[in-house]
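Q: mmCIF, C-alpha atoms and all ligand atoms, saved as structure_18.cif, coming up:
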```cif
data_coords
loop_
_atom_site.group_PDB
_atom_site.id
_atom_site.type_symbol
_atom_site.label_atom_id
_atom_site.label_comp_id
_atom_site.auth_asym_id
_atom_site.auth_seq_id
_atom_site.Cartn_x
_atom_site.Cartn_y
_atom_site.Cartn_z
ATOM 1 C CA MET J 1 113.437 104.784 171.145
ATOM 2 C CA ILE J 2 115.969 106.819 169.180
ATOM 3 C CA THR J 3 119.625 106.382 168.248
ATOM 4 C CA ILE J 4 121.934 109.369 167.969
ATOM 5 C CA LEU J 5 125.313 109.179 166.191
ATOM 6 C CA SER J 6 127.811 111.422 167.960
ATOM 7 C CA GLY J 7 131.250 112.942 168.106
ATOM 8 C CA GLY J 8 132.361 115.147 170.955
ATOM 9 C CA THR J 9 131.157 118.725 170.397
ATOM 10 C CA GLY J 10 128.224 119.540 168.092
ATOM 11 C CA THR J 11 126.064 116.497 168.808
ATOM 12 C CA PRO J 12 126.486 116.669 172.615
ATOM 13 C CA LYS J 13 125.037 120.212 172.417
ATOM 14 C CA LEU J 14 121.994 118.794 170.630
ATOM 15 C CA ILE J 15 121.813 115.950 173.183
ATOM 16 C CA GLN J 16 121.423 118.579 175.920
ATOM 17 C CA GLY J 17 118.280 119.732 174.114
ATOM 18 C CA ILE J 18 116.973 116.245 173.348
ATOM 19 C CA LYS J 19 117.274 115.014 176.937
ATOM 20 C CA GLU J 20 115.082 117.908 178.084
ATOM 21 C CA ILE J 21 112.122 116.713 176.013
ATOM 22 C CA TYR J 22 112.635 112.981 175.351
ATOM 23 C CA PRO J 23 112.806 110.173 177.945
ATOM 24 C CA GLU J 24 116.465 109.593 178.722
ATOM 25 C CA GLU J 25 116.095 105.822 179.066
ATOM 26 C CA GLU J 26 114.920 105.683 175.449
ATOM 27 C CA ILE J 27 117.998 107.404 174.066
ATOM 28 C CA ASN J 28 120.894 105.384 172.597
ATOM 29 C CA VAL J 29 124.025 107.253 171.600
ATOM 30 C CA ILE J 30 126.599 105.615 169.344
ATOM 31 C CA VAL J 31 129.879 107.381 169.881
ATOM 32 C CA ASN J 32 132.918 107.625 167.658
ATOM 33 C CA THR J 33 135.962 105.792 169.064
ATOM 34 C CA VAL J 34 138.467 106.276 166.254
ATOM 35 C CA GLU J 35 140.358 109.012 168.143
ATOM 36 C CA ASN J 36 140.767 106.928 171.327
ATOM 37 C CA ASP J 37 144.324 106.349 172.487
ATOM 38 C CA TYR J 38 146.598 106.157 175.532
ATOM 39 C CA PHE J 39 148.050 109.413 176.870
ATOM 40 C CA SER J 40 150.053 109.821 180.099
ATOM 41 C CA GLY J 41 149.370 106.183 180.912
ATOM 42 C CA VAL J 42 145.574 106.463 180.728
ATOM 43 C CA TYR J 43 143.058 105.491 178.066
ATOM 44 C CA VAL J 44 141.521 108.630 176.605
ATOM 45 C CA ALA J 45 138.132 108.252 174.927
ATOM 46 C CA ALA J 46 137.424 111.952 174.632
ATOM 47 C CA ASP J 47 134.147 111.767 172.722
ATOM 48 C CA ILE J 48 132.739 109.063 175.012
ATOM 49 C CA ASP J 49 133.663 111.061 178.101
ATOM 50 C CA THR J 50 132.087 114.184 176.642
ATOM 51 C CA VAL J 51 128.839 112.268 176.067
ATOM 52 C CA LEU J 52 129.015 110.778 179.608
ATOM 53 C CA TYR J 53 129.611 114.214 181.141
ATOM 54 C CA THR J 54 126.850 115.746 179.012
ATOM 55 C CA PHE J 55 124.280 113.297 180.389
ATOM 56 C CA ALA J 56 125.682 113.698 183.919
ATOM 57 C CA ASN J 57 125.393 117.519 183.586
ATOM 58 C CA ILE J 58 129.071 118.043 184.437
ATOM 59 C CA ILE J 59 130.500 118.767 180.977
ATOM 60 C CA ASN J 60 132.871 121.709 180.541
ATOM 61 C CA GLU J 61 130.863 123.703 178.014
ATOM 62 C CA GLU J 62 133.740 126.011 177.176
ATOM 63 C CA TYR J 63 135.803 123.277 175.527
ATOM 64 C CA TRP J 64 133.301 120.391 175.244
ATOM 65 C CA TYR J 65 136.059 118.369 176.799
ATOM 66 C CA GLY J 66 136.528 117.437 180.455
ATOM 67 C CA ILE J 67 134.580 118.260 183.602
ATOM 68 C CA LYS J 68 133.417 121.781 184.455
ATOM 69 C CA ASP J 69 135.273 123.592 187.274
ATOM 70 C CA ASP J 70 138.011 120.948 187.246
ATOM 71 C CA THR J 71 141.503 121.613 188.619
ATOM 72 C CA PHE J 72 144.772 120.848 186.815
ATOM 73 C CA ILE J 73 147.179 120.117 189.669
ATOM 74 C CA THR J 74 148.428 116.815 188.208
ATOM 75 C CA HIS J 75 148.737 118.260 184.699
ATOM 76 C CA GLU J 76 150.784 121.203 185.975
ATOM 77 C CA ARG J 77 152.959 118.992 188.179
ATOM 78 C CA LEU J 78 153.653 116.676 185.232
ATOM 79 C CA ASN J 79 154.859 119.661 183.247
ATOM 80 C CA GLU J 80 156.989 120.897 186.190
ATOM 81 C CA ILE J 81 158.781 117.566 186.476
ATOM 82 C CA GLY J 82 159.549 117.547 182.778
ATOM 83 C CA TYR J 83 156.745 115.385 181.369
ATOM 84 C CA GLY J 84 155.134 117.668 178.823
ATOM 85 C CA GLU J 85 151.551 116.424 178.775
ATOM 86 C CA LEU J 86 150.047 116.893 175.300
ATOM 87 C CA LEU J 87 146.427 116.754 176.443
ATOM 88 C CA ARG J 88 145.407 119.099 179.253
ATOM 89 C CA ILE J 89 143.676 116.518 181.447
ATOM 90 C CA GLY J 90 141.870 117.845 184.528
ATOM 91 C CA ASP J 91 142.143 116.091 187.904
ATOM 92 C CA LYS J 92 138.538 114.874 188.125
ATOM 93 C CA ASP J 93 138.555 113.989 184.431
ATOM 94 C CA ARG J 94 141.754 112.000 184.976
ATOM 95 C CA ALA J 95 139.905 109.954 187.626
ATOM 96 C CA THR J 96 137.366 108.891 184.966
ATOM 97 C CA LYS J 97 140.226 107.970 182.661
ATOM 98 C CA ILE J 98 142.085 105.984 185.358
ATOM 99 C CA GLN J 99 138.866 104.102 186.128
ATOM 100 C CA LYS J 100 138.389 103.384 182.423
ATOM 101 C CA THR J 101 141.982 102.151 182.050
ATOM 102 C CA GLU J 102 141.606 99.806 185.032
ATOM 103 C CA LEU J 103 138.191 98.506 183.926
ATOM 104 C CA LEU J 104 139.555 97.824 180.444
ATOM 105 C CA LYS J 105 141.912 95.229 181.924
ATOM 106 C CA ASN J 106 138.949 92.923 182.466
ATOM 107 C CA HIS J 107 136.137 94.384 180.383
ATOM 108 C CA SER J 108 135.439 95.432 176.831
ATOM 109 C CA LEU J 109 135.113 99.157 176.084
ATOM 110 C CA SER J 110 131.297 98.762 175.812
ATOM 111 C CA GLU J 111 131.116 97.117 179.246
ATOM 112 C CA THR J 112 133.484 99.702 180.704
ATOM 113 C CA VAL J 113 131.362 102.597 179.453
ATOM 114 C CA GLU J 114 128.195 100.899 180.725
ATOM 115 C CA ILE J 115 129.720 100.611 184.212
ATOM 116 C CA GLN J 116 130.829 104.245 184.149
ATOM 117 C CA ALA J 117 127.448 105.452 182.890
ATOM 118 C CA LYS J 118 125.727 103.566 185.717
ATOM 119 C CA SER J 119 128.046 105.094 188.301
ATOM 120 C CA LEU J 120 127.108 108.541 186.945
ATOM 121 C CA ARG J 121 123.381 107.565 187.166
ATOM 122 C CA ILE J 122 122.914 107.946 183.415
ATOM 123 C CA LYS J 123 119.815 106.258 182.056
ATOM 124 C CA ALA J 124 120.640 106.612 178.361
ATOM 125 C CA GLN J 125 122.649 103.851 176.676
ATOM 126 C CA ILE J 126 126.048 105.094 175.585
ATOM 127 C CA ILE J 127 127.485 102.727 173.013
ATOM 128 C CA PRO J 128 131.081 102.967 171.733
ATOM 129 C CA MET J 129 130.974 102.334 167.972
ATOM 130 C CA SER J 130 133.591 99.583 168.384
ATOM 131 C CA ASP J 131 135.410 97.723 171.130
ATOM 132 C CA GLU J 132 138.501 97.446 168.933
ATOM 133 C CA ASP J 133 141.539 99.705 168.894
ATOM 134 C CA SER J 134 141.795 102.045 165.954
ATOM 135 C CA GLU J 135 144.023 104.706 164.481
ATOM 136 C CA ILE J 136 143.406 107.988 162.738
ATOM 137 C CA LYS J 137 146.057 109.881 160.792
ATOM 138 C CA ILE J 138 145.998 113.265 159.142
ATOM 139 C CA ILE J 139 148.233 113.604 156.083
ATOM 140 C CA THR J 140 149.381 117.197 155.706
ATOM 141 C CA LYS J 141 151.255 118.871 152.879
ATOM 142 C CA GLU J 142 153.786 120.517 155.192
ATOM 143 C CA LYS J 143 154.470 117.854 157.814
ATOM 144 C CA GLY J 144 153.409 114.593 156.187
ATOM 145 C CA GLU J 145 151.529 112.017 158.250
ATOM 146 C CA LEU J 146 150.492 113.216 161.698
ATOM 147 C CA ASP J 147 148.767 111.544 164.568
ATOM 148 C CA PHE J 148 145.260 113.090 164.920
ATOM 149 C CA HIS J 149 145.958 114.658 168.336
ATOM 150 C CA ASP J 150 149.328 116.038 167.235
ATOM 151 C CA PHE J 151 147.635 117.689 164.254
ATOM 152 C CA LEU J 152 144.876 119.147 166.409
ATOM 153 C CA ILE J 153 146.737 120.119 169.574
ATOM 154 C CA LYS J 154 150.486 120.298 168.921
ATOM 155 C CA TYR J 155 150.118 121.920 165.495
ATOM 156 C CA GLN J 156 146.793 123.648 166.262
ATOM 157 C CA GLY J 157 145.136 122.220 163.130
ATOM 158 C CA GLU J 158 147.426 124.277 160.894
ATOM 159 C CA GLY J 159 148.548 123.432 157.377
ATOM 160 C CA GLU J 160 146.952 121.913 154.325
ATOM 161 C CA VAL J 161 145.260 118.553 154.846
ATOM 162 C CA LEU J 162 145.689 116.152 151.933
ATOM 163 C CA GLU J 163 144.022 113.073 153.367
ATOM 164 C CA VAL J 164 142.329 111.658 156.455
ATOM 165 C CA LYS J 165 142.988 107.956 157.111
ATOM 166 C CA TYR J 166 141.450 105.769 159.786
ATOM 167 C CA SER J 167 141.286 102.067 160.465
ATOM 168 C CA ASN J 168 138.288 99.887 159.743
ATOM 169 C CA VAL J 169 136.912 98.245 162.854
ATOM 170 C CA ASN J 170 134.134 95.819 163.706
ATOM 171 C CA PRO J 171 130.953 97.091 165.372
ATOM 172 C CA SER J 172 130.483 96.848 169.116
ATOM 173 C CA PRO J 173 127.886 94.216 170.086
ATOM 174 C CA LYS J 174 125.004 96.690 170.627
ATOM 175 C CA LEU J 175 125.537 99.014 167.650
ATOM 176 C CA ILE J 176 123.451 97.232 165.022
ATOM 177 C CA GLU J 177 120.747 96.169 167.490
ATOM 178 C CA SER J 178 120.395 99.735 168.770
ATOM 179 C CA ILE J 179 119.783 101.146 165.288
ATOM 180 C CA LYS J 180 117.391 98.311 164.413
ATOM 181 C CA LYS J 181 115.250 98.929 167.509
ATOM 182 C CA SER J 182 115.024 102.684 166.987
ATOM 183 C CA GLU J 183 112.175 104.461 165.285
ATOM 184 C CA LYS J 184 114.520 107.257 164.270
ATOM 185 C CA VAL J 185 118.250 107.784 163.825
ATOM 186 C CA ILE J 186 119.621 111.269 164.418
ATOM 187 C CA ILE J 187 123.005 112.302 163.057
ATOM 188 C CA GLY J 188 123.969 115.296 165.122
ATOM 189 C CA PRO J 189 125.985 118.245 163.828
ATOM 190 C CA SER J 190 129.310 116.489 164.269
ATOM 191 C CA ASN J 191 132.352 116.477 162.032
ATOM 192 C CA PRO J 192 131.169 114.314 159.086
ATOM 193 C CA ILE J 193 134.663 113.041 158.237
ATOM 194 C CA THR J 194 136.284 112.261 161.587
ATOM 195 C CA SER J 195 133.252 111.696 163.830
ATOM 196 C CA ILE J 196 130.406 110.292 161.706
ATOM 197 C CA MET J 197 132.121 108.592 158.715
ATOM 198 C CA PRO J 198 134.023 106.191 160.993
ATOM 199 C CA ILE J 199 130.637 105.059 162.413
ATOM 200 C CA ILE J 200 128.759 104.762 159.111
ATOM 201 C CA SER J 201 131.715 103.050 157.419
ATOM 202 C CA ILE J 202 131.467 100.106 159.809
ATOM 203 C CA LYS J 203 130.346 96.998 157.948
ATOM 204 C CA GLY J 204 126.554 96.731 157.814
ATOM 205 C CA VAL J 205 125.740 100.181 159.223
ATOM 206 C CA LYS J 206 124.893 101.973 155.943
ATOM 207 C CA GLU J 207 122.624 99.086 154.946
ATOM 208 C CA ILE J 208 120.507 99.278 158.112
ATOM 209 C CA LEU J 209 120.411 103.069 157.933
ATOM 210 C CA GLU J 210 118.839 102.764 154.469
ATOM 211 C CA ASP J 211 115.822 101.062 156.094
ATOM 212 C CA LYS J 212 115.500 103.632 158.868
ATOM 213 C CA GLU J 213 114.196 107.159 159.199
ATOM 214 C CA VAL J 214 117.449 109.141 159.342
ATOM 215 C CA ILE J 215 117.656 112.880 159.992
ATOM 216 C CA ALA J 216 120.927 114.835 160.135
ATOM 217 C CA VAL J 217 121.791 118.327 161.325
ATOM 218 C CA SER J 218 124.484 120.103 159.335
ATOM 219 C CA PRO J 219 127.517 121.355 161.289
ATOM 220 C CA PHE J 220 128.076 124.041 158.625
ATOM 221 C CA ILE J 221 126.750 127.544 158.240
ATOM 222 C CA GLY J 222 127.773 128.930 154.861
ATOM 223 C CA ASN J 223 131.215 127.697 153.889
ATOM 224 C CA ALA J 224 132.530 127.169 157.395
ATOM 225 C CA PRO J 225 131.842 124.759 160.238
ATOM 226 C CA ILE J 226 130.713 126.393 163.480
ATOM 227 C CA SER J 227 133.961 125.235 165.055
ATOM 228 C CA GLY J 228 136.903 122.926 164.407
ATOM 229 C CA PRO J 229 138.651 121.543 161.320
ATOM 230 C CA ALA J 230 135.669 119.919 159.515
ATOM 231 C CA GLY J 231 136.190 122.202 156.483
ATOM 232 C CA LYS J 232 139.786 121.080 155.912
ATOM 233 C CA PHE J 233 138.841 117.430 156.332
ATOM 234 C CA MET J 234 135.876 117.753 153.939
ATOM 235 C CA SER J 235 137.913 119.309 151.132
ATOM 236 C CA ALA J 236 140.735 116.806 151.636
ATOM 237 C CA SER J 237 138.124 114.067 151.210
ATOM 238 C CA GLY J 238 136.747 115.636 148.026
ATOM 239 C CA TYR J 239 133.572 117.285 149.363
ATOM 240 C CA GLU J 240 132.311 120.859 149.243
ATOM 241 C CA THR J 241 132.834 122.667 152.535
ATOM 242 C CA SER J 242 129.188 123.455 153.175
ATOM 243 C CA SER J 243 125.884 121.682 153.824
ATOM 244 C CA ILE J 244 126.111 120.509 150.190
ATOM 245 C CA GLY J 245 129.124 118.364 151.094
ATOM 246 C CA VAL J 246 127.308 117.091 154.179
ATOM 247 C CA ALA J 247 124.258 116.108 152.088
ATOM 248 C CA LYS J 248 126.534 114.251 149.648
ATOM 249 C CA ILE J 249 128.299 112.286 152.385
ATOM 250 C CA TYR J 250 124.991 111.053 153.824
ATOM 251 C CA GLU J 251 123.168 110.851 150.459
ATOM 252 C CA SER J 252 122.635 107.072 150.232
ATOM 253 C CA PHE J 253 120.605 106.763 153.443
ATOM 254 C CA LEU J 254 119.556 110.239 154.610
ATOM 255 C CA ASP J 255 115.835 111.107 154.710
ATOM 256 C CA LYS J 256 116.023 114.690 155.983
ATOM 257 C CA LEU J 257 118.714 117.324 156.407
ATOM 258 C CA VAL J 258 118.385 120.244 158.805
ATOM 259 C CA ILE J 259 120.319 123.343 157.730
ATOM 260 C CA ASP J 260 120.678 126.802 159.187
ATOM 261 C CA GLU J 261 118.318 129.640 158.298
ATOM 262 C CA LYS J 262 121.315 131.640 157.021
ATOM 263 C CA ASP J 263 121.747 128.973 154.320
ATOM 264 C CA GLU J 264 118.274 129.361 152.842
ATOM 265 C CA ASP J 265 119.870 130.141 149.443
ATOM 266 C CA LEU J 266 121.319 126.595 149.364
ATOM 267 C CA LYS J 267 117.883 124.980 149.571
ATOM 268 C CA GLU J 268 117.265 124.488 145.840
ATOM 269 C CA LYS J 269 120.709 123.053 145.192
ATOM 270 C CA LEU J 270 120.387 120.815 148.237
ATOM 271 C CA GLN J 271 117.029 119.519 147.074
ATOM 272 C CA GLU J 272 118.720 118.055 144.014
ATOM 273 C CA ILE J 273 120.549 115.780 146.460
ATOM 274 C CA ASN J 274 117.852 115.397 149.105
ATOM 275 C CA PRO J 275 114.253 116.627 148.697
ATOM 276 C CA ASN J 276 113.630 117.036 152.435
ATOM 277 C CA ILE J 277 115.504 120.104 153.589
ATOM 278 C CA ILE J 278 114.433 121.651 156.882
ATOM 279 C CA ILE J 279 115.460 125.216 157.637
ATOM 280 C CA THR J 280 115.790 126.493 161.191
ATOM 281 C CA ASN J 281 118.327 128.026 163.572
ATOM 282 C CA THR J 282 121.057 125.413 164.063
ATOM 283 C CA PHE J 283 123.483 127.580 166.030
ATOM 284 C CA MET J 284 123.143 126.349 169.625
ATOM 285 C CA LYS J 285 124.165 128.948 172.158
ATOM 286 C CA SER J 286 121.469 128.784 174.839
ATOM 287 C CA LEU J 287 119.571 125.808 176.237
ATOM 288 C CA GLU J 288 116.532 127.256 174.473
ATOM 289 C CA ASP J 289 118.347 127.023 171.100
ATOM 290 C CA LYS J 290 119.223 123.403 171.877
ATOM 291 C CA VAL J 291 115.671 122.464 172.893
ATOM 292 C CA ASN J 292 114.209 124.206 169.828
ATOM 293 C CA LEU J 293 116.541 122.317 167.490
ATOM 294 C CA ALA J 294 115.845 119.071 169.372
ATOM 295 C CA ARG J 295 112.113 119.624 168.859
ATOM 296 C CA VAL J 296 112.601 120.095 165.099
ATOM 297 C CA VAL J 297 114.723 116.953 164.853
ATOM 298 C CA LEU J 298 112.337 114.804 166.920
ATOM 299 C CA GLU J 299 109.116 116.073 165.364
ATOM 300 C CA LYS J 300 109.991 116.353 161.670
HETATM 301 P P1 LIG C 1 134.708 116.565 167.877
HETATM 302 O O1 LIG C 1 134.571 115.115 168.185
HETATM 303 O O2 LIG C 1 135.181 117.406 169.030
HETATM 304 O O3 LIG C 1 135.360 116.863 166.557
HETATM 305 O O4 LIG C 1 133.227 117.095 167.766
HETATM 306 P P2 LIG C 1 132.032 116.751 166.798
HETATM 307 O O5 LIG C 1 132.478 116.022 165.598
HETATM 308 O O6 LIG C 1 130.916 116.177 167.609
HETATM 309 O O7 LIG C 1 131.574 118.200 166.440
HETATM 310 C C1 LIG C 1 132.336 119.094 165.671
HETATM 311 C C2 LIG C 1 131.377 119.854 164.800
HETATM 312 O O8 LIG C 1 130.374 120.455 165.622
HETATM 313 C C3 LIG C 1 132.027 120.984 164.058
HETATM 314 O O9 LIG C 1 132.081 120.645 162.701
HETATM 315 C C4 LIG C 1 131.096 122.178 164.316
HETATM 316 O O10 LIG C 1 130.785 122.881 163.143
HETATM 317 C C5 LIG C 1 129.867 121.546 164.924
HETATM 318 N N1 LIG C 1 129.168 122.412 165.855
HETATM 319 C C6 LIG C 1 129.639 122.910 167.029
HETATM 320 N N2 LIG C 1 128.688 123.689 167.597
HETATM 321 C C7 LIG C 1 127.605 123.674 166.780
HETATM 322 C C8 LIG C 1 126.323 124.310 166.824
HETATM 323 O O11 LIG C 1 125.965 125.035 167.734
HETATM 324 N N3 LIG C 1 125.482 124.053 165.765
HETATM 325 C C9 LIG C 1 125.834 123.265 164.707
HETATM 326 N N4 LIG C 1 124.947 123.112 163.723
HETATM 327 N N5 LIG C 1 127.051 122.668 164.638
HETATM 328 C C10 LIG C 1 127.915 122.870 165.664
#
```
Would you put the structure from the file into structure tokens?
A:
Amino acid sequence: MITILSGGTGTPKLIQGIKEIYPEEEINVIVNTVENDYFSGVYVAADIDTVLYTFANIINEEYWYGIKDDTFITHERLNEIGYGELLRIGDKDRATKIQKTELLKNHSLSETVEIQAKSLRIKAQIIPMSDEDSEIKIITKEKGELDFHDFLIKYQGEGEVLEVKYSNVNPSPKLIESIKKSEKVIIGPSNPITSIMPIISIKGVKEILEDKEVIAVSPFIGNAPISGPAGKFMSASGYETSSIGVAKIYESFLDKLVIDEKDEDLKEKLQEINPNIIITNTFMKSLEDKVNLARVVLEK
């Protein structure tokens, strides 16, 4: 049994590779929930839905958000009638979100996700990091404190980030147990600050990770993440924007770090932080790339 810590883009790509070569029923995925919020009257848990859709083979791989080949009739109609919808929610994707919102009236988020996973015939266990509500704010130099989604979508991630703030929450009931039962914990190439830190900052998580075999894949090649604002968030939080910063963030519990072959020159410096540096292709374009990286992560 393995546990994977995930956000909603880099790690789901790796999950596509892992599920090809590892029994799905033995995979637990702990998913970041700090960005969850209500939009257009529905509960949006974007990272959880991306992980659900990844296992159900219906993920939109262009955006790593929503369902592939979805339509946007409701979204467009909302805009036509004067409700400017911030998130571009597809029609089928909205059905998932309506179901989640309704289930949440009588169930915890963990139970809700379990019901949805079952209805999608997913055998892996998808575990929200917390059942509690949380908040994440991006403090920018130009516009002050912004809601995470406003920063990312309305303002397109522009401006200088001074600080990233999120609430502390309690773990969901299965989080600790899942890590304890696993022979290996995999931290996928997700945004270390907004996707992984919220999970590892939960009380008790770092301590159990110290006793476990933990391997992480860096989301950086050179000085830039493969996509998204991880660089800005890393420097705002006082870390180098490269695999060096990633190694530092995970230093207290990480056993092995996988970096890209283009970063071979970082190996010596990285080994001062973590002696076990594995070099391979980490840029996942094809399914073959994903399976190859999955093999490295599972076998090393
Ligand atoms: P979010 O929840 O949408 O922010 O997504 P994640 O936190 O799961 O993933 C974002 C990170 O994925 C970014 O920092 C990217 O650099 C990383 N990423 C995306 N594609 C790849 C890839 O093919 N390889 C690696 N190594 N990282 C990737």
Q: Just give me the gap between CA of Glu25 in chain J and CA of Ala124 in chain J in Å, one decimal is fine.
A: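 Calculated distance between CA of Glu25 in chain J and CA of Ala124 in chain J is 4.7 Å.
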Q: Which residues are near Ser286 in chain J? Cut-off 12 Å, all atoms listed in the file, ignore same chain within fewer than 3 positions. Put them as an MDAnalysis selection string.
A: chainID J and resid 13:14 16:17 61 281:283 289:293
Q: Between J:Thr54, J:Ser190, J:Ser237, J:Ser172, single out the one closest to Phe220 in chain J, counting only C-alpha atoms.
A: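 Of J:Thr54, J:Ser190, J:Ser237, J:Ser172, the one nearest Phe220 in chain J, counting only C-alpha atoms, is J:Ser190.
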Q: For the PyMOL selection byres (((chain J and resi 89) around 12) and not hetatm), applied here, can you spell out every residue it catches as a PyMOL selection string?
A: chain J and resi 39-46+49+63+65-68+70-79+84-88+90-98
Q: Return the single residue from J:Gln116, J:Asn274, J:Asn223, J:Ser134 that is closest to ligand LIG 1 (chain C), with distances computed using all atoms listed in the file.
A: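 Using all atoms listed in the file, ligand LIG 1 (chain C) sits closest to J:Asn223.
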Q: Which is closest to ligand LIG 1 (chain C) among J:Gly204, J:Pro219, J:Pro12, J:Gly157, if we use all atoms listed in the file?
A: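 Among J:Gly204, J:Pro219, J:Pro12, J:Gly157, it is J:Pro219 that comes nearest to ligand LIG 1 (chain C).
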Q: Could you add the missing atoms to range 13-19 of chain J, up to all heavy atoms, and return them as a PDB file, in the frame of the given file?
A:
```pdb
ATOM      1  N   LYS J  13     125.869 119.017 172.198  1.00  0.00           N
ATOM      2  CA  LYS J  13     125.037 120.212 172.417  1.00  0.00           C
ATOM      3  C   LYS J  13     123.582 119.891 172.116  1.00  0.00           C
ATOM      4  O   LYS J  13     122.671 120.258 172.861  1.00  0.00           O
ATOM      5  CB  LYS J  13     125.486 121.376 171.501  1.00  0.00           C
ATOM      6  CG  LYS J  13     126.811 121.976 171.870  1.00  0.00           C
ATOM      7  CD  LYS J  13     127.119 123.187 170.974  1.00  0.00           C
ATOM      8  CE  LYS J  13     128.555 123.624 171.131  1.00  0.00           C
ATOM      9  NZ  LYS J  13     128.929 124.722 170.224  1.00  0.00           N
ATOM     10  N   LEU J  14     123.361 119.172 171.000  1.00  0.00           N
ATOM     11  CA  LEU J  14     121.994 118.794 170.630  1.00  0.00           C
ATOM     12  C   LEU J  14     121.414 117.804 171.652  1.00  0.00           C
ATOM     13  O   LEU J  14     120.227 117.869 171.983  1.00  0.00           O
ATOM     14  CB  LEU J  14     121.990 118.183 169.212  1.00  0.00           C
ATOM     15  CG  LEU J  14     120.648 117.708 168.680  1.00  0.00           C
ATOM     16  CD1 LEU J  14     119.646 118.864 168.564  1.00  0.00           C
ATOM     17  CD2 LEU J  14     120.809 117.030 167.314  1.00  0.00           C
ATOM     18  N   ILE J  15     122.265 116.920 172.171  1.00  0.00           N
ATOM     19  CA  ILE J  15     121.813 115.950 173.183  1.00  0.00           C
ATOM     20  C   ILE J  15     121.279 116.692 174.425  1.00  0.00           C
ATOM     21  O   ILE J  15     120.281 116.286 175.018  1.00  0.00           O
ATOM     22  CB  ILE J  15     122.960 114.974 173.566  1.00  0.00           C
ATOM     23  CG1 ILE J  15     123.241 114.012 172.394  1.00  0.00           C
ATOM     24  CG2 ILE J  15     122.634 114.191 174.843  1.00  0.00           C
ATOM     25  CD1 ILE J  15     124.460 113.100 172.584  1.00  0.00           C
ATOM     26  N   GLN J  16     121.921 117.804 174.777  1.00  0.00           N
ATOM     27  CA  GLN J  16     121.423 118.579 175.920  1.00  0.00           C
ATOM     28  C   GLN J  16     119.971 119.014 175.691  1.00  0.00           C
ATOM     29  O   GLN J  16     119.177 119.032 176.625  1.00  0.00           O
ATOM     30  CB  GLN J  16     122.289 119.823 176.149  1.00  0.00           C
ATOM     31  CG  GLN J  16     123.650 119.508 176.743  1.00  0.00           C
ATOM     32  CD  GLN J  16     124.454 120.758 176.978  1.00  0.00           C
ATOM     33  OE1 GLN J  16     124.412 121.699 176.184  1.00  0.00           O
ATOM     34  NE2 GLN J  16     125.222 120.785 178.055  1.00  0.00           N
ATOM     35  N   GLY J  17     119.661 119.352 174.435  1.00  0.00           N
ATOM     36  CA  GLY J  17     118.280 119.732 174.114  1.00  0.00           C
ATOM     37  C   GLY J  17     117.360 118.526 174.098  1.00  0.00           C
ATOM     38  O   GLY J  17     116.266 118.553 174.666  1.00  0.00           O
ATOM     39  N   ILE J  18     117.810 117.444 173.476  1.00  0.00           N
ATOM     40  CA  ILE J  18     116.973 116.245 173.348  1.00  0.00           C
ATOM     41  C   ILE J  18     116.604 115.692 174.727  1.00  0.00           C
ATOM     42  O   ILE J  18     115.456 115.345 174.988  1.00  0.00           O
ATOM     43  CB  ILE J  18     117.684 115.165 172.483  1.00  0.00           C
ATOM     44  CG1 ILE J  18     117.794 115.645 171.027  1.00  0.00           C
ATOM     45  CG2 ILE J  18     116.942 113.827 172.556  1.00  0.00           C
ATOM     46  CD1 ILE J  18     118.546 114.708 170.081  1.00  0.00           C
ATOM     47  N   LYS J  19     117.568 115.650 175.632  1.00  0.00           N
ATOM     48  CA  LYS J  19     117.274 115.014 176.937  1.00  0.00           C
ATOM     49  C   LYS J  19     116.304 115.840 177.789  1.00  0.00           C
ATOM     50  O   LYS J  19     115.748 115.338 178.751  1.00  0.00           O
ATOM     51  CB  LYS J  19     118.562 114.638 177.678  1.00  0.00           C
ATOM     52  CG  LYS J  19     119.333 115.739 178.322  1.00  0.00           C
ATOM     53  CD  LYS J  19     120.641 115.150 178.853  1.00  0.00           C
ATOM     54  CE  LYS J  19     121.452 116.148 179.638  1.00  0.00           C
ATOM     55  NZ  LYS J  19     120.834 116.644 180.861  1.00  0.00           N
TER      56      LYS J  19
END
```
